[in-house]
2 protein chains.
Amino acid sequence: MIPQRISLLTIGTENVPVLRAFYQRLGWEETAISSDEYAVFKTAGVLLSLYPLKKIEEDAGIQFTAATGGYKPVTLAINVEEREMVDAVMLKIKQADAEILKEPYEAFWGGRIAYFADPEKNVWEVAYNPDSVFDERGAMLSF
Amino acid sequence: MIPQRISLLTIGTENVPVLRAFYQRLGWEETAISSDEYAVFKTAGVLLSLYPLKKIEEDAGIQFTAATGGYKPVTLAINVEEREMVDAVMLKIKQADAEILKEPYEAFWGGRIAYFADPEKNVWEVAYNPDSVFDERGAMLSF
């Protein structure tokens, strides 16, 4: 049986210090196992980690192609409990020098969403979905 | 304050039915909100969803470059509680027609890891870390 879980999400980064500084500017707390070359942030349910692309290529025995430059085709979402929180969170994200891709707007399905990118063009969505259910730690159980 | 959470991870996919069939072959259960064009799988802590790349481009107002072909520079991990589970899980993953990137091996830091890719070259790691701590739902709290 394959455990139905994503334990850890690792962004292969071109520059750990620059990307780490961005997530620190969000006010996010790192775990004790972070090191100079490896930044691991606590999140609700999973851990977000930053690790050099080349090291991942070594570990996995692969080569990423066109890893630099463009937007990355995996998007991450921060879901919030209140519609107004989308705007409030995006204000804070602007202050962290994120690239704002889409200012908050009403989605056709009844929610409110916005998009930003981190300094290496990893795409994040901030979303309010009226049907979201969260657990006590802020992890989204369903929607 | 920016909630320190990854609520939802969305893989921008070139072919939803093919990729959905792969994750179904892992034995993973979908949520009730899945539709023909949008597959949402339960995981520990976050939700994994598959959605067409082009739709994400529309939503976020961006264009992904070189989105097809190569390995994607975000890696996801399934952490397991026992060293032997890495091998057991990889056997099941092989049966799901995954591309095996690295058979299980002992990592220099004392764990055991393996790598595979899904049909659109999203890279997954299966990992045992002797210092991992899991919650009651299988979410990794720390390591």
# chains A, B, ... in the order shown; residues from 1 in each chain; ligands from 1
$ select_by_dssp --residues "chain B" --states "strand (DSSP E or B)" --output "ChimeraX atom specification"
/B:5,8-13,30,39-42,44,47-52,64,71,74-80,99-106,112-117,123-128,133-134,140-142
$ residues_around --residues "range 36-44 of chain B" --least-positions-apart "4" --cutoff "6 Å" --atoms "only C-alpha atoms" --output "JSON, numbers by chain"
{"A": [4, 5], "B": [29, 30, 31, 48, 49, 50, 51, 138, 139]}
$ residues_around --residues "range 123-127 of chain B" --least-positions-apart "3" --cutoff "8 Å" --atoms "only C-alpha atoms" --output "list in words"
Tyr71, Lys72, Pro73, Val74, Thr75, Leu76, Ala77, Ile78, Asn79, Val80, Val86, Val89, Met90, Gly111, Arg112, Ile113, Ala114, Tyr115, Phe116, Ala117 and Asp118 of chain B
$ closest_residue --among "B:Ile100, B:Leu9, B:Ala107, B:Ala88" --to "Pro119 in chain B" --atoms "only C-alpha atoms"
B:Ile100
$ closest_residue --among "A:Ala21, A:Val133, A:Leu53, A:Ala98" --to "chain B" --atoms "only C-alpha atoms"
A:Leu53
$ atom_distance --atom1 "CA of Arg20 in chain B" --atom2 "CA of Phe134 in chain B"
26.9 Å
$ select_by_dssp --residues "range 55-131 of chain B" --states "alpha helix (DSSP H)" --output "count of residues only"
19
$ closest_residue --among "B:Asp59, B:Leu26, B:Pro3, B:Glu14" --to "Glu81 in chain A" --atoms "only C-alpha atoms"
B:Pro3
